[in-house]
Structures are given as C-alpha cells and as structure tokens.
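Structure record follows, encoded as structure tokens.
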Amino acid sequence: MIVAGMGCRRGTPVNELEAALLSACDRARIDPASIRALATGRIKANETGLIDLAQRLGLPLHIVGDEELRASAPRTHTISRQSLAHTQSTSLSEAAALAVAGASALLIATRIVTKRATCALAQSAEAQ
C-alpha cells in the first residue's frame, strides 16, 4: 500500500495540494492511481483543502496523532522547523505517511515542498 503524507499552510487550496501529490508521484515514478490513502497530522484535521483532495481522489484521509508522528520520526529523512514547532515531529508529511503505511514502511518519495503544501510517499513492506 502506498500512502501520501500531506502537510500545508492554513487555507491551502485543493489544486495546490494535488500538485504537490502529483510532484511526489513523479519523483517516485509511480502512477498517482496507486495511492491508497492520504495521511496528515491532527493539527491539519480540519483543513478544507485536504478534505477536498481526499474526496476528489476517492481516498480515505487518515488523521495521525502527535504521538504516532513522533514514533515515526526516526524513519523520516527531512527536517521541517515548522513541523518541529507545531507537532514535535521532524516532518509531518513523512511521519504521517510512514505511520499509516505501517511499522516496516519505507519512504519512496521524501517530502516535496511547494509554496504552501508538502507531500511525501511511503510504501508498506507488504507491497514491495
């Protein structure tokens, strides 16, 4: 299973979030249709753009708690000062993707950063 971890600034529109997702898929050289779920932190649970993206793509949006983000942090590859300040996780998008994809999941695309959004992709070990 491939999970897209998403982060964004408050009020980021769905089109910008989708562009970040497509960029991450391009980096990983995967078909966007292979994404099975979106994931984000509790701090972004009410972001309309993320909710709209999940609906647009017909995917579940998993909300990951701060404790789960911190538990996944040792497996992340990038460091975001914003994420550290607000969630105490090194990378919201990477940690969320890893948390939902499972304990043995690996990143297949590290955090992509656009003007207002981030996206990282994690793949569960079962699908590799």
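Going through the structure tokens in order, the chains are called A, B, and so on, while each chain numbers its residues from 1 and the ligands are numbered from 1 in the order shown.
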
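For range 36-107 of chain A, a DSSP pass over the backbone yields strand (DSSP E) at A:Arg36, A:Ala37, A:Leu38, A:Ala39, A:Thr40, A:Gly41, A:Leu61, A:His62, A:Ile63, A:Val64, A:Leu106, A:Leu107.
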
Checklist entry - Which parts of range 4-113 of chain A does DSSP call helix (DSSP H, G or I) when run on the backbone here, written out as a ChimeraX atom specification? => result /A:14-28,32-34,42-44,48-57,66-75,81-87,92-101

Give me a file of those residues, with C-alpha atoms, as a JSON list (two decimals), in the first residue's frame.
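What follows is the written file part-v7.json:
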```json
[["chain", "number", "residue", "atom", "x", "y", "z"],
["A", 14, "VAL", "CA", -7.07, 21.68, -3.15],
["A", 15, "ASN", "CA", -5.35, 22.31, -6.51],
["A", 16, "GLU", "CA", -2.05, 23.16, -4.83],
["A", 17, "LEU", "CA", -2.27, 20.10, -2.62],
["A", 18, "GLU", "CA", -2.98, 17.94, -5.65],
["A", 19, "ALA", "CA", 0.01, 19.47, -7.47],
["A", 20, "ALA", "CA", 2.27, 18.51, -4.53],
["A", 21, "LEU", "CA", 0.90, 14.97, -4.61],
["A", 22, "LEU", "CA", 1.50, 14.70, -8.36],
["A", 23, "SER", "CA", 5.05, 16.01, -7.94],
["A", 24, "ALA", "CA", 5.75, 13.37, -5.29],
["A", 25, "CYS", "CA", 4.35, 10.66, -7.58],
["A", 26, "ASP", "CA", 6.55, 11.94, -10.39],
["A", 27, "ARG", "CA", 9.61, 11.85, -8.11],
["A", 28, "ALA", "CA", 8.81, 8.26, -7.10],
["A", 32, "PRO", "CA", -0.98, 8.55, -8.89],
["A", 33, "ALA", "CA", -3.73, 5.90, -9.09],
["A", 34, "SER", "CA", -1.51, 3.63, -6.95],
["A", 42, "ARG", "CA", -4.17, 16.09, 13.89],
["A", 43, "ILE", "CA", -3.16, 19.76, 13.53],
["A", 44, "LYS", "CA", -4.41, 19.64, 9.89],
["A", 48, "THR", "CA", -10.68, 22.02, 3.81],
["A", 49, "GLY", "CA", -8.15, 21.56, 1.00],
["A", 50, "LEU", "CA", -7.03, 18.20, 2.40],
["A", 51, "ILE", "CA", -10.59, 17.05, 2.96],
["A", 52, "ASP", "CA", -11.50, 18.13, -0.58],
["A", 53, "LEU", "CA", -8.47, 16.34, -2.04],
["A", 54, "ALA", "CA", -9.40, 13.08, -0.33],
["A", 55, "GLN", "CA", -12.95, 13.41, -1.68],
["A", 56, "ARG", "CA", -11.73, 14.35, -5.17],
["A", 57, "LEU", "CA", -9.47, 11.29, -5.29],
["A", 66, "ASP", "CA", 1.23, 13.69, 17.60],
["A", 67, "GLU", "CA", 2.43, 10.62, 19.50],
["A", 68, "GLU", "CA", 2.28, 8.50, 16.33],
["A", 69, "LEU", "CA", 4.08, 11.22, 14.39],
["A", 70, "ARG", "CA", 6.86, 11.31, 16.96],
["A", 71, "ALA", "CA", 7.11, 7.49, 16.90],
["A", 72, "SER", "CA", 7.63, 7.59, 13.12],
["A", 73, "ALA", "CA", 10.13, 10.48, 13.26],
["A", 74, "PRO", "CA", 13.27, 8.26, 13.41],
["A", 75, "ARG", "CA", 12.34, 6.90, 9.97],
["A", 81, "ARG", "CA", 11.32, 23.58, 11.53],
["A", 82, "GLN", "CA", 7.58, 24.27, 11.18],
["A", 83, "SER", "CA", 6.72, 20.66, 11.85],
["A", 84, "LEU", "CA", 9.03, 20.50, 14.86],
["A", 85, "ALA", "CA", 7.49, 23.66, 16.30],
["A", 86, "HIS", "CA", 3.88, 22.54, 15.91],
["A", 87, "THR", "CA", 3.94, 18.73, 16.21],
["A", 92, "LEU", "CA", 4.63, 15.97, 9.30],
["A", 93, "SER", "CA", 4.16, 14.64, 5.77],
["A", 94, "GLU", "CA", 6.85, 11.95, 6.01],
["A", 95, "ALA", "CA", 5.89, 10.84, 9.53],
["A", 96, "ALA", "CA", 2.17, 10.73, 8.71],
["A", 97, "ALA", "CA", 2.77, 8.63, 5.58],
["A", 98, "LEU", "CA", 5.04, 6.23, 7.48],
["A", 99, "ALA", "CA", 2.64, 5.94, 10.43],
["A", 100, "VAL", "CA", -0.29, 4.96, 8.24],
["A", 101, "ALA", "CA", 1.71, 2.69, 5.91]]
```

Between CA of Asp31 in chain A and CA of Gly7 in chain A lies a distance of 20.6 Å

Taken to one decimal, the CA of Cys119 in chain A-CA of Leu106 in chain A distance is 14.5 Å

query = Can you list, as JSON, numbers by chain, every protein, DNA or RNA residue that comes within 8 Å of range 124-126 of chain A when you count only C-alpha atoms, leaving out same-chain residues fewer than 5 positions away?
reply = {"A": [1, 2, 101, 102, 104, 105, 106]}

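For the choices A:Thr76, A:Asn46, A:Thr12, A:Thr40, the atom-to-atom distance to Arg111 in chain A is smallest for A:Thr76 when using only C-alpha atoms.
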
Exercise: Ala39 in chain A partners within 7 Å, only C-alpha atoms, chain neighbours under 3 positions left out, as a PDB file with N, CA and C atoms, in the first residue's frame:
```pdb
ATOM      1  N   VAL A   3       0.964   5.293   0.721  1.00  0.00           N
ATOM      2  CA  VAL A   3       0.263   6.359   1.441  1.00  0.00           C
ATOM      3  C   VAL A   3       0.953   7.683   1.154  1.00  0.00           C
ATOM      4  N   ALA A   4       0.145   8.699   0.856  1.00  0.00           N
ATOM      5  CA  ALA A   4       0.663  10.057   0.665  1.00  0.00           C
ATOM      6  C   ALA A   4       0.470  10.839   1.953  1.00  0.00           C
ATOM      7  N   GLY A   5       1.565  11.230   2.562  1.00  0.00           N
ATOM      8  CA  GLY A   5       1.512  12.095   3.738  1.00  0.00           C
ATOM      9  C   GLY A   5       1.470  13.537   3.267  1.00  0.00           C
ATOM     10  N   MET A   6       0.548  14.315   3.802  1.00  0.00           N
ATOM     11  CA  MET A   6       0.332  15.680   3.345  1.00  0.00           C
ATOM     12  C   MET A   6       0.447  16.677   4.495  1.00  0.00           C
ATOM     13  N   LEU A  61      -8.791   9.752   4.295  1.00  0.00           N
ATOM     14  CA  LEU A  61      -7.852  10.701   4.893  1.00  0.00           C
ATOM     15  C   LEU A  61      -7.657  10.284   6.341  1.00  0.00           C
ATOM     16  N   HIS A  62      -6.473   9.763   6.647  1.00  0.00           N
ATOM     17  CA  HIS A  62      -6.144   9.322   7.998  1.00  0.00           C
ATOM     18  C   HIS A  62      -5.545  10.493   8.779  1.00  0.00           C
ATOM     19  N   ILE A  63      -6.049  10.697   9.980  1.00  0.00           N
ATOM     20  CA  ILE A  63      -5.542  11.740  10.868  1.00  0.00           C
ATOM     21  C   ILE A  63      -4.654  11.063  11.913  1.00  0.00           C
ATOM     22  N   VAL A  64      -3.382  11.451  11.917  1.00  0.00           N
ATOM     23  CA  VAL A  64      -2.381  10.823  12.774  1.00  0.00           C
ATOM     24  C   VAL A  64      -2.111  11.724  13.977  1.00  0.00           C
ATOM     25  N   ALA A  96       3.563  11.155   8.878  1.00  0.00           N
ATOM     26  CA  ALA A  96       2.169  10.727   8.710  1.00  0.00           C
ATOM     27  C   ALA A  96       2.085   9.577   7.709  1.00  0.00           C
ATOM     28  N   ALA A  97       2.783   9.702   6.592  1.00  0.00           N
ATOM     29  CA  ALA A  97       2.770   8.630   5.583  1.00  0.00           C
ATOM     30  C   ALA A  97       3.312   7.335   6.171  1.00  0.00           C
ATOM     31  N   VAL A 100       0.867   5.642   8.810  1.00  0.00           N
ATOM     32  CA  VAL A 100      -0.294   4.962   8.239  1.00  0.00           C
ATOM     33  C   VAL A 100       0.117   3.740   7.412  1.00  0.00           C
TER      34      VAL A 100
END
```

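Between CA of Ile30 in chain A and CA of Arg9 in chain A lies a distance of 25.7 Å.
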